[in-house]
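The next block holds one structure in the form of structure tokens; read it before the comments.
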Amino acid sequence: MDVSQMETEEDLLTCLHIKFYHPQQSSRGIYHQLPVGNRNKRPADEPLRLGRDRQTCTFVLDDPRVSRKQLALHAYRTPLSPDTLFAVQNLSQKGRMSVNGSALGFLERADLPDKALIRFGEYEMLVVRESGEAKGNFEVEFEVLPAPPSRETGAGVPSMTPIMDTGSCHCVTNSFPAELRVHGPLETDETLMYHS
């Protein structure tokens, strides 16, 4: 491969945009070890590890509640696609992790779609893949979000499950805010059920 081909390939690196949110991020220096706002080139054949251990992790979250090794992002390719794709692996033995609402146990992996919401502890991590053509390397760029990305994606928003009209009320009214308390049977709007 000549130099001009290498330069063209390097200009087209896949980029993982990793956007963090934590409810106490403004009062704690959680992200000061992360290169926020800068793109970092990474070799595709090495997993990108995230956690609090500076020795074993590629990027560090300075938070005692984060596992020493929290998670790893693995780049991979398939014979059917020219794209560099990614999978996430839960490296925490004690902490719970979910990917787009599905639980991921210790050492379990999940393929990431182009946009994925990963949650662990009080962290929300939105991972967005920007496709490129380079095979040997990819880039990662960190960002801190002012609001939880679950609001944008709708993950974690309570669903409005319809309740059948039985003619009786078996509601525990004290567990709901006053504006949501019901005195009598509930009715559902079928248009809401199919369009929400």
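By order in the structure tokens, chains are A, B, ...; within a chain, residues start at 1; ligands start at 1, following the order shown.
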Pick out the residues sitting within 10 Å of segment 103-109 of chain A, and hand them over as a PDB file with N, CA and C atoms, in the first residue's frame; count only C-alpha atoms, and ignore anything fewer than 4 positions along from it in its own chain.
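Final output, out.pdb:
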```pdb
ATOM      1  N   GLN A  70     -14.703  -1.651  34.440  1.00  0.00           N
ATOM      2  CA  GLN A  70     -16.159  -1.568  34.320  1.00  0.00           C
ATOM      3  C   GLN A  70     -16.660  -2.237  33.044  1.00  0.00           C
ATOM      4  N   LEU A  71     -16.088  -1.839  31.909  1.00  0.00           N
ATOM      5  CA  LEU A  71     -16.559  -2.363  30.632  1.00  0.00           C
ATOM      6  C   LEU A  71     -15.453  -2.287  29.601  1.00  0.00           C
ATOM      7  N   ALA A  72     -15.642  -3.033  28.522  1.00  0.00           N
ATOM      8  CA  ALA A  72     -14.722  -2.993  27.389  1.00  0.00           C
ATOM      9  C   ALA A  72     -15.522  -2.874  26.105  1.00  0.00           C
ATOM     10  N   LEU A  73     -15.014  -2.078  25.189  1.00  0.00           N
ATOM     11  CA  LEU A  73     -15.589  -1.969  23.855  1.00  0.00           C
ATOM     12  C   LEU A  73     -14.637  -2.671  22.893  1.00  0.00           C
ATOM     13  N   HIS A  74     -15.166  -3.614  22.131  1.00  0.00           N
ATOM     14  CA  HIS A  74     -14.372  -4.410  21.196  1.00  0.00           C
ATOM     15  C   HIS A  74     -14.792  -4.069  19.771  1.00  0.00           C
ATOM     16  N   ALA A  87     -18.825  -4.194  19.974  1.00  0.00           N
ATOM     17  CA  ALA A  87     -19.557  -4.930  21.006  1.00  0.00           C
ATOM     18  C   ALA A  87     -19.089  -4.400  22.349  1.00  0.00           C
ATOM     19  N   VAL A  88     -19.976  -4.443  23.339  1.00  0.00           N
ATOM     20  CA  VAL A  88     -19.617  -4.033  24.696  1.00  0.00           C
ATOM     21  C   VAL A  88     -19.614  -5.273  25.577  1.00  0.00           C
ATOM     22  N   GLN A  89     -18.670  -5.321  26.509  1.00  0.00           N
ATOM     23  CA  GLN A  89     -18.565  -6.440  27.439  1.00  0.00           C
ATOM     24  C   GLN A  89     -18.567  -5.891  28.862  1.00  0.00           C
ATOM     25  N   ASN A  90     -19.366  -6.486  29.723  1.00  0.00           N
ATOM     26  CA  ASN A  90     -19.425  -6.094  31.127  1.00  0.00           C
ATOM     27  C   ASN A  90     -18.260  -6.760  31.862  1.00  0.00           C
ATOM     28  N   LEU A  91     -17.347  -5.969  32.407  1.00  0.00           N
ATOM     29  CA  LEU A  91     -16.195  -6.498  33.136  1.00  0.00           C
ATOM     30  C   LEU A  91     -16.374  -6.415  34.644  1.00  0.00           C
ATOM     31  N   SER A  92     -17.502  -5.894  35.108  1.00  0.00           N
ATOM     32  CA  SER A  92     -17.738  -5.718  36.535  1.00  0.00           C
ATOM     33  C   SER A  92     -18.440  -6.946  37.110  1.00  0.00           C
ATOM     34  N   GLN A  93     -17.840  -7.533  38.150  1.00  0.00           N
ATOM     35  CA  GLN A  93     -18.453  -8.700  38.781  1.00  0.00           C
ATOM     36  C   GLN A  93     -19.619  -8.317  39.674  1.00  0.00           C
ATOM     37  N   LYS A  94     -19.585  -7.112  40.242  1.00  0.00           N
ATOM     38  CA  LYS A  94     -20.623  -6.702  41.193  1.00  0.00           C
ATOM     39  C   LYS A  94     -21.644  -5.749  40.597  1.00  0.00           C
ATOM     40  N   GLY A  95     -21.199  -4.892  39.710  1.00  0.00           N
ATOM     41  CA  GLY A  95     -22.092  -3.861  39.184  1.00  0.00           C
ATOM     42  C   GLY A  95     -23.016  -4.380  38.107  1.00  0.00           C
ATOM     43  N   ARG A  96     -24.189  -3.810  38.054  1.00  0.00           N
ATOM     44  CA  ARG A  96     -25.163  -4.151  37.016  1.00  0.00           C
ATOM     45  C   ARG A  96     -24.946  -3.241  35.816  1.00  0.00           C
ATOM     46  N   MET A  97     -25.204  -3.793  34.651  1.00  0.00           N
ATOM     47  CA  MET A  97     -25.067  -3.014  33.429  1.00  0.00           C
ATOM     48  C   MET A  97     -26.196  -3.385  32.484  1.00  0.00           C
ATOM     49  N   SER A  98     -26.666  -2.403  31.725  1.00  0.00           N
ATOM     50  CA  SER A  98     -27.681  -2.688  30.717  1.00  0.00           C
ATOM     51  C   SER A  98     -27.325  -1.976  29.422  1.00  0.00           C
ATOM     52  N   VAL A  99     -27.737  -2.583  28.317  1.00  0.00           N
ATOM     53  CA  VAL A  99     -27.541  -2.016  26.989  1.00  0.00           C
ATOM     54  C   VAL A  99     -28.908  -1.912  26.340  1.00  0.00           C
ATOM     55  N   ILE A 118     -25.954   2.745  27.254  1.00  0.00           N
ATOM     56  CA  ILE A 118     -25.378   1.822  28.227  1.00  0.00           C
ATOM     57  C   ILE A 118     -25.519   2.459  29.593  1.00  0.00           C
ATOM     58  N   ARG A 119     -25.998   1.682  30.556  1.00  0.00           N
ATOM     59  CA  ARG A 119     -26.165   2.182  31.925  1.00  0.00           C
ATOM     60  C   ARG A 119     -25.416   1.291  32.901  1.00  0.00           C
TER      61      ARG A 119
END
```
* Asked: Do you know which residues are at most 10 Å from Asp114 of chain A counting only C-alpha atoms, after dropping those on the same chain fewer than 6 positions away, and could you put them as a list in words?
  ->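 Here the answer would be Leu16, Leu85, Phe86, Val127, Val128, Arg129, Glu130 and Ser131 of chain A.
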Resulting file, chosen residues, N, CA and C atoms, as a CSV table (one decimal), in the first residue's frame:
```csv
chain,number,residue,atom,x,y,z
A,16,LEU,N,-16.3,6.5,17.5
A,16,LEU,CA,-17.2,6.3,18.5
A,16,LEU,C,-17.4,7.6,19.3
A,85,LEU,N,-17.6,-2.6,13.4
A,85,LEU,CA,-18.7,-2.6,14.3
A,85,LEU,C,-18.1,-2.8,15.7
A,86,PHE,N,-19.0,-2.7,16.8
A,86,PHE,CA,-18.5,-2.7,18.1
A,86,PHE,C,-19.4,-3.6,19.0
A,127,VAL,N,-23.6,5.8,23.2
A,127,VAL,CA,-22.5,5.5,22.3
A,127,VAL,C,-23.1,5.6,20.9
A,128,VAL,N,-22.5,6.5,20.1
A,128,VAL,CA,-23.0,6.7,18.7
A,128,VAL,C,-21.8,6.4,17.8
A,129,ARG,N,-22.0,5.5,16.8
A,129,ARG,CA,-21.0,5.1,15.9
A,129,ARG,C,-21.1,5.9,14.6
A,130,GLU,N,-20.0,6.6,14.2
A,130,GLU,CA,-20.0,7.3,13.0
A,130,GLU,C,-19.1,6.4,12.1
A,131,SER,N,-19.7,5.9,11.0
A,131,SER,CA,-19.0,5.0,10.1
A,131,SER,C,-17.8,5.5,9.4
```
* **Coordinates-based distance that separates atom CA of Val66 of chain A from atom CA of Ser27 of chain A (Å, one decimal)** =>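 According to the coordinates, atom CA of Ser27 of chain A and atom CA of Val66 of chain A are separated by 16.6 Å.
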* To do: Work out how far apart atom CA of Ala147 of chain A and atom CA of Gly37 of chain A are and give it in Å to one decimal.
  =>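 Separation of atom CA of Ala147 of chain A and atom CA of Gly37 of chain A: 17.1 Å.
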* Asked: Asp45 of chain A: which residues within 8 Å, counting only C-alpha atoms, same-chain residues fewer than 5 positions away excluded, as a ChimeraX atom specification?
  -> /A:74-75,136-137
* To do: Please provide as a VMD selection string all residues within 9 Å of Thr56 of chain A, with the sequence filter that same-chain residues fewer than 4 positions apart are discarded (counting only C-alpha atoms).
  => chain A and resid 49 to 52 68 to 69
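Candidate residues A:Ser67, A:Phe142, A:Lys135, A:His17 were compared for distance to Phe120 of chain A, and the nearest is A:Ser67, using only C-alpha atoms.
Between atom CA of Pro113 of chain A and atom CA of Leu126 of chain A there is a distance of 11.2 Å.
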* Arg42 of chain A: which residues within 10 Å, counting only C-alpha atoms, same-chain residues fewer than 5 positions away excluded, as a list in words? ->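 My reading of the contact set: Leu13, Cys15, Pro47, Leu48, Thr58, Gly136, Asn137, Phe138, Glu139 and Val140 of chain A.
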* Asked: Which residues in segment 89-155 of chain A does DSSP call alpha helix (DSSP H)? List them as a PyMOL selection string.
  -> chain A and resi 149-153
* Asked: segment 47-125 of chain A: which residues are strand (DSSP E) by DSSP, as a PyMOL selection string?
  -> chain A and resi 48-51+59-60+71-78+81-90+97-99+102-104+109-111+115-120+123-125
Would you save the residues of that selection, restricted to N, CA and C atoms, as a short mmCIF file (atom, residue, chain, number, x, y, z; two decimals), in the first residue's frame?
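Generated output (selection03.cif):
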```
data_model
loop_
_atom_site.label_atom_id
_atom_site.label_comp_id
_atom_site.auth_asym_id
_atom_site.auth_seq_id
_atom_site.Cartn_x
_atom_site.Cartn_y
_atom_site.Cartn_z
N LEU A 48 -11.02 -1.38 24.14
CA LEU A 48 -11.00 -0.10 24.85
C LEU A 48 -11.65 -0.35 26.21
N ARG A 49 -10.86 -0.32 27.28
CA ARG A 49 -11.39 -0.59 28.62
C ARG A 49 -11.65 0.70 29.36
N LEU A 50 -12.75 0.70 30.10
CA LEU A 50 -13.15 1.86 30.88
C LEU A 50 -13.40 1.42 32.31
N GLY A 51 -12.86 2.15 33.27
CA GLY A 51 -13.04 1.84 34.68
C GLY A 51 -12.21 2.81 35.51
N PHE A 59 -9.21 4.28 29.46
CA PHE A 59 -9.72 5.56 29.94
C PHE A 59 -10.28 5.37 31.35
N VAL A 60 -10.08 6.39 32.19
CA VAL A 60 -10.38 6.28 33.61
C VAL A 60 -11.53 7.20 34.01
N LEU A 71 -16.09 -1.84 31.91
CA LEU A 71 -16.56 -2.36 30.63
C LEU A 71 -15.45 -2.29 29.60
N ALA A 72 -15.64 -3.03 28.52
CA ALA A 72 -14.72 -2.99 27.39
C ALA A 72 -15.52 -2.87 26.11
N LEU A 73 -15.01 -2.08 25.19
CA LEU A 73 -15.59 -1.97 23.85
C LEU A 73 -14.64 -2.67 22.89
N HIS A 74 -15.17 -3.61 22.13
CA HIS A 74 -14.37 -4.41 21.20
C HIS A 74 -14.79 -4.07 19.77
N ALA A 75 -13.82 -3.73 18.92
CA ALA A 75 -14.10 -3.52 17.50
C ALA A 75 -14.06 -4.87 16.80
N TYR A 76 -14.92 -5.05 15.80
CA TYR A 76 -14.90 -6.27 15.02
C TYR A 76 -15.48 -5.99 13.64
N ARG A 77 -15.28 -6.94 12.75
CA ARG A 77 -15.82 -6.84 11.39
C ARG A 77 -16.49 -8.15 11.03
N THR A 78 -17.36 -8.11 10.06
CA THR A 78 -18.01 -9.33 9.57
C THR A 78 -17.71 -9.46 8.08
N SER A 81 -19.97 -7.10 5.77
CA SER A 81 -20.03 -5.65 5.85
C SER A 81 -18.62 -5.05 5.88
N PRO A 82 -18.43 -3.92 5.21
CA PRO A 82 -17.13 -3.25 5.25
C PRO A 82 -16.95 -2.42 6.53
N ASP A 83 -18.01 -2.28 7.32
CA ASP A 83 -17.97 -1.40 8.50
C ASP A 83 -17.24 -2.03 9.67
N THR A 84 -16.61 -1.18 10.47
CA THR A 84 -16.09 -1.59 11.76
C THR A 84 -17.24 -1.47 12.74
N LEU A 85 -17.58 -2.57 13.39
CA LEU A 85 -18.68 -2.62 14.34
C LEU A 85 -18.11 -2.78 15.74
N PHE A 86 -18.97 -2.65 16.75
CA PHE A 86 -18.50 -2.71 18.13
C PHE A 86 -19.44 -3.56 18.99
N ALA A 87 -18.82 -4.19 19.97
CA ALA A 87 -19.56 -4.93 21.01
C ALA A 87 -19.09 -4.40 22.35
N VAL A 88 -19.98 -4.44 23.34
CA VAL A 88 -19.62 -4.03 24.70
C VAL A 88 -19.61 -5.27 25.58
N GLN A 89 -18.67 -5.32 26.51
CA GLN A 89 -18.56 -6.44 27.44
C GLN A 89 -18.57 -5.89 28.86
N ASN A 90 -19.37 -6.49 29.72
CA ASN A 90 -19.42 -6.09 31.13
C ASN A 90 -18.26 -6.76 31.86
N MET A 97 -25.20 -3.79 34.65
CA MET A 97 -25.07 -3.01 33.43
C MET A 97 -26.20 -3.38 32.48
N SER A 98 -26.67 -2.40 31.73
CA SER A 98 -27.68 -2.69 30.72
C SER A 98 -27.32 -1.98 29.42
N VAL A 99 -27.74 -2.58 28.32
CA VAL A 99 -27.54 -2.02 26.99
C VAL A 99 -28.91 -1.91 26.34
N SER A 102 -31.52 -3.95 28.11
CA SER A 102 -31.29 -5.37 28.34
C SER A 102 -30.10 -5.57 29.27
N ALA A 103 -30.30 -6.37 30.33
CA ALA A 103 -29.24 -6.60 31.31
C ALA A 103 -28.10 -7.38 30.68
N LEU A 104 -26.90 -7.06 31.13
CA LEU A 104 -25.69 -7.73 30.66
C LEU A 104 -24.91 -8.17 31.89
N ARG A 109 -21.31 -10.20 26.52
CA ARG A 109 -21.13 -9.19 25.47
C ARG A 109 -22.44 -8.96 24.74
N ALA A 110 -22.54 -7.75 24.20
CA ALA A 110 -23.69 -7.42 23.35
C ALA A 110 -23.19 -6.58 22.19
N ASP A 111 -23.68 -6.88 20.99
CA ASP A 111 -23.36 -6.05 19.83
C ASP A 111 -24.05 -4.71 19.99
N LYS A 115 -26.49 3.43 17.58
CA LYS A 115 -26.75 4.30 18.72
C LYS A 115 -27.22 3.41 19.87
N ALA A 116 -26.48 3.44 20.99
CA ALA A 116 -26.81 2.56 22.11
C ALA A 116 -26.70 3.31 23.42
N LEU A 117 -27.61 3.00 24.34
CA LEU A 117 -27.59 3.57 25.68
C LEU A 117 -27.11 2.49 26.65
N ILE A 118 -25.95 2.75 27.25
CA ILE A 118 -25.38 1.82 28.23
C ILE A 118 -25.52 2.46 29.59
N ARG A 119 -26.00 1.68 30.56
CA ARG A 119 -26.16 2.18 31.92
C ARG A 119 -25.42 1.29 32.90
N PHE A 120 -24.73 1.92 33.84
CA PHE A 120 -24.10 1.21 34.95
C PHE A 120 -24.04 2.18 36.12
N TYR A 123 -24.52 6.05 36.05
CA TYR A 123 -24.04 6.57 34.77
C TYR A 123 -24.96 6.18 33.62
N GLU A 124 -25.09 7.11 32.70
CA GLU A 124 -25.71 6.84 31.41
C GLU A 124 -24.66 7.19 30.36
N MET A 125 -24.44 6.28 29.44
CA MET A 125 -23.41 6.45 28.42
C MET A 125 -24.05 6.19 27.06
#
```
